[in-house]
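One file, query.tsv, is given below (TSV, C-alpha atoms and all ligand atoms).
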chain	number	residue	atom	x	y	z
A	1	MET	CA	-45.32	-3.40	30.40
A	2	VAL	CA	-44.20	-7.02	30.19
A	3	SER	CA	-40.82	-8.69	30.02
A	4	LYS	CA	-39.59	-8.55	26.42
A	5	GLN	CA	-37.81	-11.86	26.84
A	6	MET	CA	-40.90	-13.64	28.21
A	7	TYR	CA	-43.17	-12.01	25.61
A	8	ALA	CA	-40.93	-13.28	22.81
A	9	LEU	CA	-40.87	-16.78	24.28
A	10	GLY	CA	-44.63	-16.86	24.77
A	11	SER	CA	-45.67	-15.42	21.45
A	12	ASN	CA	-43.38	-17.34	19.08
A	13	ARG	CA	-44.91	-20.77	18.81
A	14	SER	CA	-42.50	-23.64	18.09
A	15	CYS	CA	-42.39	-24.89	14.52
A	16	ILE	CA	-43.67	-28.29	15.72
A	17	ARG	CA	-46.69	-26.66	17.39
A	18	GLU	CA	-47.40	-24.65	14.20
A	19	ILE	CA	-47.49	-27.84	12.16
A	20	PHE	CA	-49.70	-29.57	14.74
A	21	GLU	CA	-52.15	-26.61	14.70
A	22	PHE	CA	-52.19	-26.70	10.89
A	23	GLY	CA	-53.10	-30.41	11.15
A	24	LEU	CA	-56.06	-29.63	13.43
A	25	LYS	CA	-57.29	-26.99	10.98
A	26	ARG	CA	-56.99	-29.39	8.03
A	27	ALA	CA	-58.72	-32.17	9.98
A	28	ALA	CA	-61.73	-29.87	10.45
A	29	GLU	CA	-61.74	-29.16	6.69
A	30	VAL	CA	-61.04	-32.56	5.11
A	31	GLY	CA	-61.65	-35.03	7.98
A	32	ALA	CA	-59.14	-36.40	10.50
A	33	GLN	CA	-58.81	-39.65	8.48
A	34	ASN	CA	-57.27	-37.69	5.61
A	35	VAL	CA	-54.57	-35.86	7.58
A	36	TYR	CA	-51.29	-37.70	8.30
A	37	ASP	CA	-49.86	-35.94	11.32
A	38	TYR	CA	-46.33	-37.02	12.24
A	39	SER	CA	-45.50	-33.84	14.15
A	40	LEU	CA	-45.74	-34.43	17.92
A	41	GLY	CA	-43.92	-36.80	20.29
A	42	ASN	CA	-46.99	-37.77	22.32
A	43	PRO	CA	-46.75	-41.51	23.18
A	44	SER	CA	-49.45	-43.49	21.34
A	45	VAL	CA	-49.06	-46.54	23.59
A	46	PRO	CA	-51.33	-46.24	26.66
A	47	ALA	CA	-49.77	-46.09	30.14
A	48	PRO	CA	-49.13	-49.65	31.43
A	49	LYS	CA	-51.91	-51.34	33.44
A	50	GLU	CA	-49.70	-51.21	36.56
A	51	VAL	CA	-49.84	-47.40	36.39
A	52	ASP	CA	-53.66	-47.38	36.19
A	53	ASP	CA	-53.82	-49.85	39.08
A	54	ALA	CA	-51.42	-47.77	41.18
A	55	ILE	CA	-53.53	-44.63	40.63
A	56	ARG	CA	-56.74	-46.45	41.58
A	57	GLU	CA	-55.10	-48.02	44.63
A	58	ALA	CA	-53.67	-44.69	45.78
A	59	LEU	CA	-57.06	-42.99	45.48
A	60	ALA	CA	-58.81	-45.84	47.29
A	61	THR	CA	-56.37	-46.25	50.16
A	62	LEU	CA	-54.55	-42.97	50.87
A	63	SER	CA	-55.77	-40.00	52.87
A	64	PRO	CA	-56.42	-36.86	50.77
A	65	ILE	CA	-53.29	-35.23	52.16
A	66	GLU	CA	-51.16	-38.26	51.32
A	67	ALA	CA	-52.64	-38.56	47.84
A	68	HIS	CA	-52.75	-34.90	46.87
A	69	GLY	CA	-50.84	-32.86	49.46
A	70	TYR	CA	-47.48	-31.14	49.17
A	71	THR	CA	-44.51	-33.45	49.54
A	72	SER	CA	-41.03	-32.42	50.62
A	73	ALA	CA	-39.35	-30.45	47.81
A	74	PRO	CA	-36.89	-33.20	46.71
A	75	GLY	CA	-39.70	-35.77	46.66
A	76	ARG	CA	-41.12	-38.58	48.78
A	77	ASN	CA	-38.63	-40.96	50.37
A	78	ASP	CA	-40.38	-44.11	49.09
A	79	THR	CA	-40.34	-42.70	45.53
A	80	ARG	CA	-36.64	-41.91	45.67
A	81	ASP	CA	-35.84	-45.26	47.31
A	82	ALA	CA	-37.73	-47.14	44.59
A	83	ILE	CA	-35.90	-45.28	41.80
A	84	ALA	CA	-32.46	-45.79	43.42
A	85	GLU	CA	-33.19	-49.49	43.87
A	86	ASN	CA	-34.27	-49.85	40.25
A	87	LEU	CA	-31.11	-48.15	38.94
A	88	ASN	CA	-28.81	-50.10	41.26
A	89	LYS	CA	-30.36	-53.41	40.19
A	90	ARG	CA	-30.04	-52.65	36.51
A	91	PHE	CA	-26.72	-50.83	36.35
A	92	GLY	CA	-24.76	-52.09	39.37
A	93	THR	CA	-24.65	-48.59	40.90
A	94	GLN	CA	-24.86	-47.51	44.56
A	95	PHE	CA	-27.36	-44.66	44.51
A	96	SER	CA	-29.63	-43.77	47.39
A	97	ARG	CA	-32.45	-41.29	47.92
A	98	LYS	CA	-29.99	-38.47	48.64
A	99	ASN	CA	-28.80	-38.63	45.02
A	100	LEU	CA	-32.28	-38.01	43.61
A	101	TYR	CA	-34.37	-34.87	43.22
A	102	ILE	CA	-37.90	-35.55	41.88
A	103	THR	CA	-39.07	-33.08	39.23
A	104	CYS	CA	-41.94	-32.21	36.91
A	105	GLY	CA	-40.44	-34.14	33.96
A	106	ALA	CA	-37.25	-33.86	31.91
A	107	ALA	CA	-37.90	-30.24	30.96
A	108	ALA	CA	-37.94	-29.27	34.65
A	109	SER	CA	-34.90	-31.48	35.33
A	110	LEU	CA	-32.96	-29.74	32.56
A	111	VAL	CA	-34.04	-26.22	33.47
A	112	SER	CA	-33.05	-26.81	37.11
A	113	THR	CA	-29.72	-28.41	36.22
A	114	LEU	CA	-28.67	-25.82	33.65
A	115	ARG	CA	-29.73	-23.00	35.91
A	116	ALA	CA	-27.85	-24.55	38.84
A	117	LEU	CA	-24.67	-24.76	36.76
A	118	THR	CA	-24.82	-21.26	35.26
A	119	VAL	CA	-22.19	-19.24	37.10
A	120	ASP	CA	-22.32	-16.01	35.09
A	121	GLU	CA	-23.34	-14.56	31.73
A	122	ASN	CA	-20.35	-16.22	30.04
A	123	THR	CA	-21.47	-19.73	30.96
A	124	GLU	CA	-21.79	-22.08	27.99
A	125	PHE	CA	-23.44	-25.45	27.50
A	126	ILE	CA	-22.65	-27.59	24.49
A	127	ALA	CA	-25.21	-29.70	22.62
A	128	PHE	CA	-24.82	-31.91	19.54
A	129	ALA	CA	-27.08	-31.44	16.53
A	130	PRO	CA	-29.57	-32.80	15.93
A	131	TYR	CA	-30.80	-31.61	19.33
A	132	PHE	CA	-34.05	-30.85	21.17
A	133	PRO	CA	-34.69	-27.17	20.29
A	134	GLU	CA	-35.92	-26.31	23.80
A	135	TYR	CA	-32.30	-26.60	25.00
A	136	ASN	CA	-31.81	-23.04	23.69
A	137	VAL	CA	-34.50	-21.76	26.02
A	138	PHE	CA	-33.42	-23.96	28.93
A	139	ALA	CA	-29.79	-22.81	28.67
A	140	ALA	CA	-30.88	-19.17	28.53
A	141	THR	CA	-33.06	-19.30	31.69
A	142	GLY	CA	-30.12	-18.64	33.97
A	143	GLY	CA	-28.41	-16.29	31.51
A	144	GLY	CA	-26.09	-18.86	29.92
A	145	LYS	CA	-25.96	-19.84	26.27
A	146	LEU	CA	-26.12	-22.96	24.14
A	147	VAL	CA	-23.28	-23.79	21.74
A	148	VAL	CA	-24.29	-26.31	19.08
A	149	ILE	CA	-21.88	-28.78	17.45
A	150	PRO	CA	-22.88	-29.53	13.83
A	151	PRO	CA	-24.36	-32.97	13.07
A	152	ASP	CA	-22.22	-36.00	12.32
A	153	ILE	CA	-24.11	-37.00	9.14
A	154	PRO	CA	-25.13	-39.79	8.39
A	155	HIS	CA	-24.33	-41.70	11.62
A	156	PHE	CA	-25.38	-39.01	14.10
A	157	GLN	CA	-22.77	-39.93	16.70
A	158	ILE	CA	-20.35	-37.14	17.80
A	159	ASP	CA	-17.93	-35.01	15.79
A	160	PHE	CA	-15.10	-35.07	18.35
A	161	ALA	CA	-12.81	-32.69	16.46
A	162	ALA	CA	-15.57	-30.06	16.58
A	163	LEU	CA	-16.20	-30.79	20.26
A	164	GLU	CA	-12.53	-30.34	21.17
A	165	LYS	CA	-12.54	-26.96	19.45
A	166	ALA	CA	-15.77	-25.84	21.12
A	167	VAL	CA	-14.89	-26.62	24.75
A	168	ASN	CA	-13.37	-23.58	26.46
A	169	PRO	CA	-12.94	-22.20	30.00
A	170	ASN	CA	-16.59	-21.04	30.03
A	171	THR	CA	-17.95	-24.53	29.29
A	172	GLN	CA	-19.88	-25.70	32.31
A	173	GLY	CA	-21.68	-28.63	30.76
A	174	VAL	CA	-22.22	-30.83	27.72
A	175	ILE	CA	-25.73	-32.15	27.01
A	176	VAL	CA	-26.28	-35.55	25.42
A	177	ASN	CA	-29.60	-37.12	24.49
A	178	SER	CA	-29.52	-40.81	23.64
A	179	PRO	CA	-31.75	-42.39	22.35
A	180	ASN	CA	-32.04	-39.18	20.44
A	181	ASN	CA	-34.89	-36.92	19.53
A	182	PRO	CA	-35.04	-36.41	16.53
A	183	SER	CA	-32.67	-39.03	15.03
A	184	GLY	CA	-33.68	-42.13	17.04
A	185	VAL	CA	-29.95	-42.93	17.13
A	186	VAL	CA	-28.34	-44.42	20.26
A	187	TYR	CA	-24.79	-43.42	21.19
A	188	THR	CA	-22.49	-46.44	21.14
A	189	GLU	CA	-20.29	-47.41	24.08
A	190	ALA	CA	-17.26	-46.28	22.03
A	191	THR	CA	-18.83	-42.82	21.64
A	192	ILE	CA	-19.48	-42.49	25.38
A	193	GLN	CA	-15.96	-43.70	26.22
A	194	LYS	CA	-14.39	-41.21	23.83
A	195	LEU	CA	-16.62	-38.42	25.16
A	196	ALA	CA	-15.49	-39.20	28.70
A	197	GLU	CA	-11.85	-39.17	27.56
A	198	VAL	CA	-12.17	-35.78	25.84
A	199	LEU	CA	-14.02	-34.19	28.77
A	200	ASN	CA	-11.57	-35.57	31.34
A	201	ALA	CA	-8.69	-34.05	29.39
A	202	LYS	CA	-10.49	-30.71	29.05
A	203	GLN	CA	-11.34	-30.60	32.78
A	204	LYS	CA	-7.67	-31.07	33.53
A	205	GLU	CA	-6.66	-28.40	31.03
A	206	PHE	CA	-9.14	-25.80	32.37
A	207	GLY	CA	-8.95	-26.80	36.04
A	208	HIS	CA	-12.70	-27.05	36.72
A	209	PRO	CA	-15.41	-29.68	36.35
A	210	ILE	CA	-17.29	-30.00	33.07
A	211	TYR	CA	-20.58	-31.78	33.74
A	212	LEU	CA	-22.08	-34.24	31.31
A	213	ILE	CA	-25.83	-33.70	31.43
A	214	THR	CA	-27.63	-36.72	30.03
A	215	ASP	CA	-31.20	-36.05	28.92
A	216	GLU	CA	-32.81	-39.50	29.04
A	217	PRO	CA	-36.57	-39.47	28.49
A	218	TYR	CA	-36.19	-42.22	25.88
A	219	ARG	CA	-33.87	-44.48	27.91
A	220	GLU	CA	-36.35	-47.36	28.05
A	221	LEU	CA	-37.37	-47.09	24.37
A	222	LEU	CA	-34.62	-49.25	22.88
A	223	TYR	CA	-34.95	-51.72	19.99
A	224	ASP	CA	-33.02	-54.56	18.36
A	225	ASP	CA	-31.40	-55.71	21.66
A	226	MET	CA	-29.55	-52.39	21.70
A	227	LYS	CA	-27.69	-51.78	24.99
A	228	LEU	CA	-27.52	-48.24	26.32
A	229	PRO	CA	-24.30	-47.40	28.17
A	230	PHE	CA	-25.33	-45.93	31.58
A	231	VAL	CA	-23.25	-42.79	31.50
A	232	THR	CA	-22.48	-42.36	35.23
A	233	LYS	CA	-20.32	-45.48	34.94
A	234	TYR	CA	-18.10	-43.90	32.29
A	235	TYR	CA	-17.76	-40.32	33.51
A	236	ALA	CA	-17.82	-39.21	37.14
A	237	ASN	CA	-19.23	-35.71	36.57
A	238	THR	CA	-22.48	-36.94	35.06
A	239	ILE	CA	-25.90	-35.55	35.96
A	240	VAL	CA	-28.88	-37.57	34.71
A	241	CYS	CA	-32.14	-35.83	33.74
A	242	TYR	CA	-34.87	-38.42	33.47
A	243	SER	CA	-38.60	-38.44	32.80
A	244	TYR	CA	-41.48	-40.92	32.81
A	245	SER	CA	-43.24	-38.98	30.03
A	246	LYS	CA	-42.28	-41.46	27.33
A	247	SER	CA	-41.39	-44.65	29.22
A	248	LEU	CA	-44.69	-44.82	31.12
A	249	SER	CA	-46.65	-42.67	28.63
A	250	LEU	CA	-47.33	-39.94	31.21
A	251	PRO	CA	-46.28	-36.68	29.48
A	252	GLY	CA	-49.16	-34.66	30.85
A	253	GLU	CA	-48.60	-35.83	34.43
A	254	ARG	CA	-45.18	-34.12	34.70
A	255	ILE	CA	-42.95	-36.51	36.61
A	256	GLY	CA	-39.22	-37.22	36.38
A	257	TYR	CA	-36.02	-36.73	38.33
A	258	VAL	CA	-32.47	-35.44	38.42
A	259	LEU	CA	-29.80	-37.89	39.56
A	260	ILE	CA	-26.62	-36.39	41.06
A	261	PRO	CA	-24.10	-39.16	41.87
A	262	ASP	CA	-21.83	-38.82	44.94
A	263	GLU	CA	-18.79	-39.06	42.70
A	264	ALA	CA	-19.77	-35.93	40.74
A	265	ALA	CA	-17.59	-32.97	41.70
A	266	ASP	CA	-19.17	-30.81	44.43
A	267	SER	CA	-22.18	-33.13	44.37
A	268	GLU	CA	-23.76	-31.71	47.53
A	269	ALA	CA	-23.44	-28.13	46.27
A	270	VAL	CA	-24.83	-29.15	42.88
A	271	TYR	CA	-27.79	-30.87	44.58
A	272	ALA	CA	-28.49	-27.77	46.69
A	273	ALA	CA	-28.24	-25.50	43.64
A	274	ILE	CA	-30.67	-27.73	41.72
A	275	ALA	CA	-33.07	-27.48	44.69
A	276	GLY	CA	-32.65	-23.68	44.55
A	277	ALA	CA	-33.30	-23.59	40.81
A	278	ALA	CA	-36.45	-25.73	41.24
A	279	ARG	CA	-37.55	-23.34	44.00
A	280	ILE	CA	-37.08	-20.22	41.91
A	281	SER	CA	-38.98	-21.85	39.05
A	282	GLY	CA	-41.95	-22.25	41.40
A	283	TYR	CA	-42.22	-26.04	41.12
A	284	VAL	CA	-42.62	-26.47	44.92
A	285	CYS	CA	-42.76	-30.26	44.54
A	286	ALA	CA	-43.54	-32.80	41.82
A	287	PRO	CA	-47.15	-34.06	41.60
A	288	SER	CA	-47.90	-36.07	44.71
A	289	LEU	CA	-50.13	-38.73	43.14
A	290	MET	CA	-47.54	-39.40	40.45
A	291	GLN	CA	-44.83	-39.77	43.09
A	292	HIS	CA	-46.96	-42.57	44.60
A	293	VAL	CA	-47.30	-44.15	41.18
A	294	ILE	CA	-43.55	-44.13	40.60
A	295	ALA	CA	-42.90	-45.57	44.08
A	296	ARG	CA	-44.98	-48.56	42.95
A	297	CYS	CA	-44.05	-48.66	39.25
A	298	ALA	CA	-40.31	-47.86	39.18
A	299	ASP	CA	-39.65	-51.33	37.69
A	300	VAL	CA	-42.46	-51.27	35.11
A	301	THR	CA	-41.30	-51.33	31.48
A	302	PRO	CA	-43.13	-50.01	28.42
A	303	ASP	CA	-44.79	-52.12	25.74
A	304	LEU	CA	-42.51	-51.48	22.76
A	305	ALA	CA	-44.26	-53.77	20.26
A	306	PRO	CA	-46.52	-51.06	18.73
A	307	TYR	CA	-43.56	-48.70	18.21
A	308	ILE	CA	-41.45	-51.45	16.62
A	309	ARG	CA	-44.32	-52.36	14.30
A	310	ASN	CA	-44.72	-48.72	13.25
A	311	ARG	CA	-41.01	-48.18	12.78
A	312	ASP	CA	-40.59	-51.33	10.69
A	313	LEU	CA	-43.48	-50.50	8.37
A	314	LEU	CA	-42.30	-46.93	7.81
A	315	LEU	CA	-38.65	-47.85	7.45
A	316	SER	CA	-39.27	-50.57	4.87
A	317	GLU	CA	-41.87	-48.60	2.88
A	318	LEU	CA	-39.94	-45.32	2.85
A	319	THR	CA	-36.69	-47.05	1.92
A	320	ARG	CA	-38.50	-48.88	-0.92
A	321	MET	CA	-39.79	-45.49	-2.19
A	322	GLY	CA	-36.24	-44.06	-2.24
A	323	TYR	CA	-36.12	-42.13	1.05
A	324	ASN	CA	-32.87	-42.29	2.98
A	325	CYS	CA	-33.32	-42.77	6.76
A	326	ALA	CA	-30.88	-42.83	9.69
A	327	LYS	CA	-31.24	-46.26	11.39
A	328	PRO	CA	-33.30	-45.61	14.51
A	329	SER	CA	-32.54	-47.94	17.44
A	330	GLY	CA	-34.53	-46.07	20.04
A	331	ALA	CA	-37.15	-43.40	20.84
A	332	PHE	CA	-40.05	-43.12	18.36
A	333	TYR	CA	-38.63	-40.90	15.64
A	334	LEU	CA	-37.34	-41.50	12.12
A	335	PHE	CA	-34.90	-38.91	10.81
A	336	VAL	CA	-35.06	-38.85	7.04
A	337	GLU	CA	-32.87	-37.09	4.52
A	338	ALA	CA	-35.05	-34.57	2.68
A	339	PRO	CA	-35.30	-35.50	-1.02
A	340	GLY	CA	-33.83	-32.50	-2.83
A	341	GLY	CA	-31.71	-31.59	0.21
A	342	ASP	CA	-33.90	-28.82	1.64
A	343	ALA	CA	-36.20	-30.09	4.41
A	344	GLU	CA	-38.19	-26.84	4.65
A	345	ALA	CA	-39.05	-27.06	0.94
A	346	PHE	CA	-39.85	-30.76	1.11
A	347	CYS	CA	-42.05	-30.47	4.21
A	348	ALA	CA	-43.94	-27.55	2.65
A	349	ALA	CA	-44.55	-29.69	-0.46
A	350	ALA	CA	-45.62	-32.68	1.66
A	351	GLN	CA	-48.21	-30.48	3.42
A	352	LYS	CA	-50.05	-30.21	0.08
A	353	TYR	CA	-50.84	-33.92	0.52
A	354	ASP	CA	-51.73	-33.33	4.20
A	355	LEU	CA	-48.56	-35.17	5.17
A	356	LEU	CA	-47.18	-33.34	8.23
A	357	LEU	CA	-43.45	-33.77	8.81
A	358	VAL	CA	-41.11	-31.57	10.84
A	359	PRO	CA	-38.13	-30.00	9.04
A	360	GLY	CA	-34.80	-30.53	10.81
A	361	THR	CA	-33.93	-26.81	10.79
A	362	GLY	CA	-34.89	-26.26	14.43
A	363	PHE	CA	-32.96	-29.38	15.41
A	364	GLY	CA	-29.79	-27.95	13.81
A	365	CYS	CA	-29.95	-30.24	10.78
A	366	PRO	CA	-31.76	-28.53	7.87
A	367	THR	CA	-31.21	-31.32	5.33
A	368	TYR	CA	-33.22	-33.86	7.34
A	369	MET	CA	-36.80	-34.09	8.57
A	370	ARG	CA	-38.39	-35.79	11.54
A	371	ILE	CA	-41.22	-38.30	11.48
A	372	SER	CA	-42.76	-39.03	14.91
A	373	TYR	CA	-44.08	-42.56	14.56
A	374	CYS	CA	-45.89	-42.67	17.90
A	375	VAL	CA	-49.11	-42.76	15.89
A	376	ASP	CA	-51.88	-45.16	14.91
A	377	TYR	CA	-50.63	-47.99	12.63
A	378	GLU	CA	-53.65	-47.56	10.35
A	379	MET	CA	-52.73	-43.89	9.83
A	380	ILE	CA	-49.29	-44.98	8.66
A	381	LYS	CA	-50.87	-47.33	6.10
A	382	ARG	CA	-53.23	-44.60	4.88
A	383	SER	CA	-50.35	-42.10	4.61
A	384	LEU	CA	-48.11	-44.18	2.32
A	385	PRO	CA	-49.56	-42.87	-0.98
A	386	ALA	CA	-48.88	-39.31	0.24
A	387	PHE	CA	-45.21	-40.21	0.89
A	388	GLU	CA	-45.08	-41.64	-2.69
A	389	LYS	CA	-46.56	-38.46	-4.20
A	390	ALA	CA	-44.28	-36.18	-2.17
A	391	ILE	CA	-41.05	-37.90	-3.25
A	392	ALA	CA	-42.23	-38.18	-6.86
A	393	ALA	CA	-42.45	-34.38	-6.99
A	394	PHE	CA	-38.73	-34.13	-6.04
A	395	LYS	CA	-37.33	-36.83	-8.35
B	1	LIG	N1	-35.81	-33.86	26.17
B	1	LIG	C1	-36.15	-34.41	24.98
B	1	LIG	C2	-35.08	-34.87	24.08
B	1	LIG	C3	-37.49	-34.53	24.61
B	1	LIG	O1	-37.81	-35.08	23.44
B	1	LIG	C4	-38.48	-34.06	25.52
B	1	LIG	C5	-39.91	-34.13	25.15
B	1	LIG	O2	-40.31	-34.44	24.07
B	1	LIG	C6	-38.07	-33.51	26.73
B	1	LIG	C7	-36.74	-33.42	27.02
B	1	LIG	C8	-39.08	-33.00	27.73
B	1	LIG	O3	-39.72	-34.09	28.30
B	1	LIG	P1	-40.74	-33.95	29.53
B	1	LIG	O4	-42.09	-34.18	28.99
B	1	LIG	O5	-40.37	-35.04	30.45
B	1	LIG	O6	-40.54	-32.62	30.12
Rendering of file as structure tokens:
Amino acid sequence: MVSKQMYALGSNRSCIREIFEFGLKRAAEVGAQNVYDYSLGNPSVPAPKEVDDAIREALATLSPIEAHGYTSAPGRNDTRDAIAENLNKRFGTQFSRKNLYITCGAAASLVSTLRALTVDENTEFIAFAPYFPEYNVFAATGGGKLVVIPPDIPHFQIDFAALEKAVNPNTQGVIVNSPNNPSGVVYTEATIQKLAEVLNAKQKEFGHPIYLITDEPYRELLYDDMKLPFVTKYYANTIVCYSYSKSLSLPGERIGYVLIPDEAADSEAVYAAIAGAARISGYVCAPSLMQHVIARCADVTPDLAPYIRNRDLLLSELTRMGYNCAKPSGAFYLFVEAPGGDAEAFCAAAQKYDLLLVPGTGFGCPTYMRISYCVDYEMIKRSLPAFEKAIAAFK
């Protein structure tokens, strides 16, 4: 006998993984050069040199226990101090190590936070489509549920009328992800201000805190001089879930954090509950070597030039061919309106040319499709005829 819930989660592969596996199969049949795989969000830019140097230095200078041993559950002090200092310098905040809990990436940060805030089986978390599909699973871990607000097409900001209707006494949190996966859109300052206004009013109406959970793995991947409003400055009850997976190209190393500001309601209790949720998930502590790396590299920024080059080539070529794209100002995704209006049908047709795109259905936006452009520039050039053929079939 096994848990039905866990069996279902483990045996239903995500749509993105299915497409990726299909790509591997096709690469074995027709050659990797002839498959144009835009499915996964694996950073194509190598980790910065400072990260490599920090790993080498840690291995050369630290004792085995220091380099690879257990750390305290919330993380090393020097790691948390370095992160707090970096945030305070950039955003004029006053965080210290006690506001930070180091985790195994954004997924672990979100699971711990949502679990910590789930009070009973009626608990609800709100997300805005298009959204990261794993939120459904993360919200369900503690027995709560995800409520999805339909997409604000074509700008992909927030439909506030729908939000006001959706918030109710069971709403414990609202999840935002900006820069966004899959749209690449960044929420404007006006959007964040209005969100804070709506949530403040709703907290008053229902008489309990509603936390704004900001999922920020793409925070440092911002283009065109775009400024990202740092949400804790706009709304007191903000909890930040961060990850170095994308900013330092370390997705397999599993390192990130949760930030719980002092001004958040019941901040000490929330921190303790997040520690409890991390404990029950069996994380024990985040990887020790990576905590050393972050202590030394908290100020390191990613090389964005390859992503900008990829985005610009795709955006100009696809627009010239007649595709309609949301303007991406961050992350490494293009969200494109499916020619013909049905992304499942279009992506299935594109697969005939070995062009692997992800339909927006799982992201809550079935008329769009996602292109992950964290890929080799030469692959983009080789793939352009396939994009031409795919759209021609739908004209
Ligand atoms: N949130 C979003 C929006 C993501 O796109 C991802 C990964 O792609 C995650 C969370 C999980 O990131 P991590 O690798 O840090 O767990």
Point-to-point distance in Å for atom C1 of ligand LIG 1 (chain B) and atom CA of A:Ala107: 7.5 Å
Ligand LIG 1 (chain B) neighbours within 10 Å using all atoms listed in the file, as a PyMOL selection string: chain A and resi 40-43+103-111+131-135+176-182+214-218+241-247+249-257+331-333
Neighbour list for stretch 341-353 of chain A as a list of chain:residue names, cut-off 6 Å, all atoms listed in the file, skip fewer than 6 positions in-chain: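 What passes the distance filter is A:Pro359, A:Pro366, A:Thr367, A:Tyr368, A:Met369, A:Ala386, A:Ala390.
Using only C-alpha atoms, the nearest neighbour of A:Gln157 within the list A:Thr93, A:Ser183, A:Asn86, A:Ser44 is A:Ser183.
Minimum distance to A:Cys325 across A:Asp224, A:Phe156, A:Ala236, A:Pro385 (counting all atoms listed in the file) occurs at A:Phe156.
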Stretch 14-30 of chain A surroundings by only C-alpha atoms, 7 Å radius, close-in-sequence under 2 positions cut, as JSON, numbers by chain: {"A": [12, 32, 34, 35, 37, 39, 40, 356, 358]}
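Each of A:Leu212, A:Val336, A:Ala8, A:Val2 was compared to A:Leu195 using only C-alpha atoms, and A:Leu212 turns out to be the nearest.
Between atom CA of A:Leu248 and atom CA of A:Phe91 there is a distance of 19.7 Å.
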